[in-house]
Amino acid sequence: MLGKILVNRIELIRFSGKRIWSLIKIKVLRQCSQDGLVKIEISSEALKANFKELQRLAPEWGVAPVLKSNAYGHGLFIIANWLTREKLITPFWCVDSYFEAEKLRLHGFNERLLILGATFGNKIKHNQWDKIDYSVGEWELLKEIGDLETEVSVQIKLDSGMNRQGFRAEIIEELIKYLLDHPKIQVVGVFSHLAESEIVNSDLTCMQIKTWNRLVVQFRETFKTLKYWHLANSHGFILADKIVANVGRAGIGLYGYSEDNNLVNLKPALKMFAKIVGIKPLLAGEKLGYGGSFSALTDRRVGLIPVGYYEGIDKRLSNQGVVIVNGTRALILGRVSMNMISVDLTDVEGVKVGDLALVLGGVGETAVIKMAHECQTIPYEILVHLPSHLRRQLV
């Protein structure tokens, strides 16, 4: 009997060891990024220039970097490492969820975090990490926190007119009374969000700023624990002289993008490259790809590149998107497939299998802004659809 128990335990240990080794190998494989066929470069120079530009626009504000959604597709840990290494002065970092906050903590990042998304009371109750502020904009969550026996650091979200999250202006007196009656709820910040800050002279933005400026005065006068008050996202930095605030949240602007080019001095930080894995002829009259949506009028030379809509190359770029090979534009031919695009190399001199193509990012014809316009979407959607498994490198 004892021998059988020992055998079972040995088998369990062997299984556990294999399981651990398998998990390690899976993690390594995820970081290998298709054997080097695809890579994403993040420019530290561009990131730093963008940070300084936002500081210049609002010199009285602290800049709070937003790292949610894998740092807008740029890589959560790459951007966090960069911020830590550069020792840029930031009041806090913004993430979307407790999950993102915990990922950062497990990797040794100890800066103050604001969780912008919803976090339920049970998760807050069992939190083991320091320097985490929870966004609270609904009564249900506020009362859950109020019932806890521990102190909880919160930043109260106000609805200044976007009508999405946040406490509405007409119940502010009731809200303040509840917070004063529950001193274990430590109000360290108050904030709101602009609905269309990218639109110059927007009536809605002017109304939101007016509402915000009125409400924030009440909070500053009432809560001596208040450290942060902020309304602006990236485009809101150009309105700093109109907004009562001491912090601005740097989201898309930190990464170098301005939806309507209001932030003119930003530098896109991301470029995605992929190797050409095949070159073949396409004869006049032949069709290419799914559905045969491209027909060659003359003989063409076609390159195969191992990126598709799984890698973030939007399907709407079929037959109209462009990549850059050896400094020359090459049109995407046919449909964008799941993991493959075909491009026209007819006019590209000296090209060979293994050469790199710039498939997304930078400036010019592969710029994220241009792609977003062609796809009738916004830069955010293009960026956050870049899979997290693709290898990212800070350059």
# chains A, B, ... in the order shown; residues from 1 in each chain; ligands from 1
>>> residues_around(residues="region 382-393 of chain A", least_positions_apart="6", cutoff="9 Å", atoms="only C-alpha atoms", output="mmCIF file with N, CA, C and O atoms, in the first residue's frame")
data_model
loop_
_atom_site.group_PDB
_atom_site.id
_atom_site.type_symbol
_atom_site.label_atom_id
_atom_site.label_comp_id
_atom_site.auth_asym_id
_atom_site.auth_seq_id
_atom_site.Cartn_x
_atom_site.Cartn_y
_atom_site.Cartn_z
ATOM 1 N N LEU A 29 7.403 30.842 -26.000
ATOM 2 C CA LEU A 29 6.907 30.832 -27.373
ATOM 3 C C LEU A 29 6.095 32.085 -27.672
ATOM 4 O O LEU A 29 6.165 32.635 -28.762
ATOM 5 N N ARG A 30 5.312 32.531 -26.688
ATOM 6 C CA ARG A 30 4.522 33.747 -26.908
ATOM 7 C C ARG A 30 5.418 34.949 -27.166
ATOM 8 O O ARG A 30 5.050 35.879 -27.877
ATOM 9 N N GLN A 31 6.608 34.931 -26.559
ATOM 10 C CA GLN A 31 7.513 36.059 -26.718
ATOM 11 C C GLN A 31 8.361 35.952 -27.982
ATOM 12 O O GLN A 31 9.033 36.887 -28.363
ATOM 13 N N CYS A 32 8.334 34.785 -28.656
ATOM 14 C CA CYS A 32 9.169 34.588 -29.837
ATOM 15 C C CYS A 32 8.607 35.270 -31.075
ATOM 16 O O CYS A 32 9.336 35.568 -32.003
ATOM 17 N N SER A 33 7.282 35.477 -31.102
ATOM 18 C CA SER A 33 6.639 36.223 -32.174
ATOM 19 C C SER A 33 6.955 35.671 -33.553
ATOM 20 O O SER A 33 7.685 36.253 -34.338
ATOM 21 N N GLN A 34 6.404 34.505 -33.855
ATOM 22 C CA GLN A 34 6.468 33.946 -35.200
ATOM 23 C C GLN A 34 7.897 33.819 -35.703
ATOM 24 O O GLN A 34 8.208 34.130 -36.847
ATOM 25 N N GLY A 36 10.498 35.531 -35.394
ATOM 26 C CA GLY A 36 11.122 36.746 -35.897
ATOM 27 C C GLY A 36 10.562 37.256 -37.202
ATOM 28 O O GLY A 36 11.123 38.185 -37.789
ATOM 29 N N VAL A 38 7.724 38.786 -37.616
ATOM 30 C CA VAL A 38 7.013 40.041 -37.365
ATOM 31 C C VAL A 38 7.586 40.689 -36.113
ATOM 32 O O VAL A 38 7.864 40.009 -35.130
ATOM 33 N N LYS A 39 7.786 42.000 -36.151
ATOM 34 C CA LYS A 39 8.249 42.706 -34.955
ATOM 35 C C LYS A 39 7.635 44.096 -34.916
ATOM 36 O O LYS A 39 7.310 44.685 -35.955
ATOM 37 N N ILE A 40 7.480 44.587 -33.705
ATOM 38 C CA ILE A 40 6.968 45.934 -33.484
ATOM 39 C C ILE A 40 8.044 46.735 -32.763
ATOM 40 O O ILE A 40 8.569 46.293 -31.738
ATOM 41 N N GLU A 41 8.397 47.875 -33.316
ATOM 42 C CA GLU A 41 9.373 48.755 -32.686
ATOM 43 C C GLU A 41 8.660 49.944 -32.047
ATOM 44 O O GLU A 41 7.771 50.546 -32.664
ATOM 45 N N ILE A 42 9.064 50.244 -30.814
ATOM 46 C CA ILE A 42 8.519 51.389 -30.087
ATOM 47 C C ILE A 42 9.650 52.392 -29.878
ATOM 48 O O ILE A 42 10.676 52.063 -29.277
ATOM 49 N N SER A 43 9.474 53.606 -30.346
ATOM 50 C CA SER A 43 10.516 54.624 -30.269
ATOM 51 C C SER A 43 10.502 55.323 -28.909
ATOM 52 O O SER A 43 9.545 56.023 -28.573
ATOM 53 N N SER A 69 -5.448 48.730 -21.890
ATOM 54 C CA SER A 69 -5.533 48.012 -23.162
ATOM 55 C C SER A 69 -4.152 47.790 -23.783
ATOM 56 O O SER A 69 -3.899 48.129 -24.939
ATOM 57 N N ASN A 70 -3.269 47.194 -22.956
ATOM 58 C CA ASN A 70 -1.899 46.891 -23.387
ATOM 59 C C ASN A 70 -1.185 48.150 -23.855
ATOM 60 O O ASN A 70 -0.461 48.142 -24.849
ATOM 61 N N ALA A 71 -1.386 49.237 -23.103
ATOM 62 C CA ALA A 71 -0.797 50.542 -23.438
ATOM 63 C C ALA A 71 -1.133 50.919 -24.882
ATOM 64 O O ALA A 71 -0.261 51.236 -25.691
ATOM 65 N N TYR A 72 -2.436 50.886 -25.168
ATOM 66 C CA TYR A 72 -2.936 51.233 -26.510
ATOM 67 C C TYR A 72 -2.220 50.411 -27.580
ATOM 68 O O TYR A 72 -1.886 50.914 -28.657
ATOM 69 N N GLY A 73 -1.974 49.142 -27.279
ATOM 70 C CA GLY A 73 -1.340 48.244 -28.228
ATOM 71 C C GLY A 73 0.172 48.314 -28.261
ATOM 72 O O GLY A 73 0.814 47.541 -28.975
ATOM 73 N N HIS A 74 0.776 49.211 -27.492
ATOM 74 C CA HIS A 74 2.226 49.392 -27.542
ATOM 75 C C HIS A 74 2.984 48.437 -26.619
ATOM 76 O O HIS A 74 4.204 48.322 -26.731
ATOM 77 N N GLY A 75 2.261 47.771 -25.719
ATOM 78 C CA GLY A 75 2.901 46.824 -24.808
ATOM 79 C C GLY A 75 2.941 47.363 -23.394
ATOM 80 O O GLY A 75 3.683 48.311 -23.104
ATOM 81 N N ILE A 78 6.467 47.110 -21.718
ATOM 82 C CA ILE A 78 7.457 47.942 -22.414
ATOM 83 C C ILE A 78 7.287 49.399 -22.008
ATOM 84 O O ILE A 78 8.259 50.100 -21.699
ATOM 85 N N MET A 272 5.377 48.639 -37.192
ATOM 86 C CA MET A 272 5.344 47.183 -37.273
ATOM 87 C C MET A 272 5.961 46.740 -38.596
ATOM 88 O O MET A 272 5.590 47.244 -39.661
ATOM 89 N N TYR A 309 -5.451 40.078 -40.726
ATOM 90 C CA TYR A 309 -6.301 40.758 -39.746
ATOM 91 C C TYR A 309 -6.106 40.221 -38.339
ATOM 92 O O TYR A 309 -6.408 40.904 -37.363
ATOM 93 N N TYR A 310 -5.551 39.010 -38.179
ATOM 94 C CA TYR A 310 -5.197 38.549 -36.826
ATOM 95 C C TYR A 310 -4.059 39.369 -36.255
ATOM 96 O O TYR A 310 -4.003 39.617 -35.049
ATOM 97 N N GLU A 311 -3.151 39.813 -37.115
ATOM 98 C CA GLU A 311 -2.009 40.622 -36.659
ATOM 99 C C GLU A 311 -2.312 42.118 -36.658
ATOM 100 O O GLU A 311 -1.426 42.934 -36.407
ATOM 101 N N GLY A 312 -3.553 42.487 -36.940
ATOM 102 C CA GLY A 312 -3.937 43.889 -36.839
ATOM 103 C C GLY A 312 -4.010 44.642 -38.149
ATOM 104 O O GLY A 312 -4.247 45.849 -38.148
ATOM 105 N N ILE A 313 -3.797 43.953 -39.285
ATOM 106 C CA ILE A 313 -3.946 44.608 -40.585
ATOM 107 C C ILE A 313 -5.412 44.496 -40.990
ATOM 108 O O ILE A 313 -5.890 43.441 -41.389
ATOM 109 N N ASP A 314 -6.111 45.584 -40.875
ATOM 110 C CA ASP A 314 -7.568 45.584 -41.012
ATOM 111 C C ASP A 314 -7.999 45.053 -42.383
ATOM 112 O O ASP A 314 -7.418 45.394 -43.414
ATOM 113 N N VAL A 368 -0.773 55.136 -38.903
ATOM 114 C CA VAL A 368 -1.986 54.623 -38.268
ATOM 115 C C VAL A 368 -3.165 55.560 -38.531
ATOM 116 O O VAL A 368 -4.293 55.103 -38.784
ATOM 117 N N ILE A 369 -2.918 56.857 -38.476
ATOM 118 C CA ILE A 369 -3.985 57.834 -38.744
ATOM 119 C C ILE A 369 -4.554 57.622 -40.151
ATOM 120 O O ILE A 369 -5.773 57.605 -40.356
ATOM 121 N N MET A 371 -4.403 54.882 -42.030
ATOM 122 C CA MET A 371 -5.107 53.601 -42.079
ATOM 123 C C MET A 371 -6.492 53.717 -41.456
ATOM 124 O O MET A 371 -7.467 53.172 -41.970
ATOM 125 N N ALA A 372 -6.563 54.430 -40.329
ATOM 126 C CA ALA A 372 -7.850 54.588 -39.657
ATOM 127 C C ALA A 372 -8.851 55.303 -40.557
ATOM 128 O O ALA A 372 -10.027 54.916 -40.644
#
>>> residues_around(residues="region 329-338 of chain A", least_positions_apart="3", cutoff="9 Å", atoms="only C-alpha atoms", output="ChimeraX atom specification")
/A:287-295,302,307-311,313-326,341-348,365
>>> residues_around(residues="Tyr134 (chain A)", least_positions_apart="3", cutoff="8 Å", atoms="only C-alpha atoms", output="ChimeraX atom specification")
/A:114-116,119,153-155
>>> select_by_dssp(residues="region 87-253 of chain A", states="strand (DSSP E or B)", output="VMD selection string")
chain A and resid 93 to 95 113 to 115 132 to 136 152 to 159 167 to 168 185 to 191 228 to 230 247 to 250
>>> residues_around(residues="Cys94 (chain A)", least_positions_apart="4", cutoff="12 Å", atoms="only C-alpha atoms", output="PyMOL selection string")
chain A and resi 63-72+76+80+90+98+100-101+104+111-117+132-135+155+233+247-251
>>> atom_distance(atom1="CA of Gly361 (chain A)", atom2="CA of Phe51 (chain A)")
18.8 Å
>>> residues_around(residues="Gly161 (chain A)", least_positions_apart="2", cutoff="8 Å", atoms="only C-alpha atoms", output="NGL selection string")
:A and (159 or 163 or 195 or 204 or 207-208 or 211)
>>> closest_residue(among="A:Ala232, A:Leu148, A:Ala269, A:Ala296", to="His193 (chain A)", atoms="only C-alpha atoms")
A:Ala232
>>> atom_distance(atom1="CA of Val363 (chain A)", atom2="CA of Leu37 (chain A)")
21.9 Å
>>> closest_residue(among="A:Asn127, A:Asn246, A:Ser160, A:Ser197", to="Trp212 (chain A)", atoms="only C-alpha atoms")
A:Ser160
>>> select_by_dssp(residues="region 106-308 of chain A", states="helix (DSSP H, G or I)", output="ChimeraX atom specification")
/A:106,121-125,139-146,169-181,203-222,234-239,252-255,290-292
>>> atom_distance(atom1="CA of Thr225 (chain A)", atom2="CA of Lys131 (chain A)")
14.6 Å
>>> residues_around(residues="Lys352 (chain A)", least_positions_apart="3", cutoff="9 Å", atoms="only C-alpha atoms", output="ChimeraX atom specification")
/A:276-279,355
>>> closest_residue(among="A:Phe109, A:Val217, A:Leu304, A:Thr205", to="Leu83 (chain A)", atoms="only C-alpha atoms")
A:Phe109
>>> closest_residue(among="A:Ala46, A:Ser258, A:Thr222, A:Gly108", to="Ile378 (chain A)", atoms="only C-alpha atoms")
A:Ser258
>>> closest_residue(among="A:Val190, A:Leu88, A:Leu270, A:Ile171", to="Tyr257 (chain A)", atoms="only C-alpha atoms")
A:Leu270
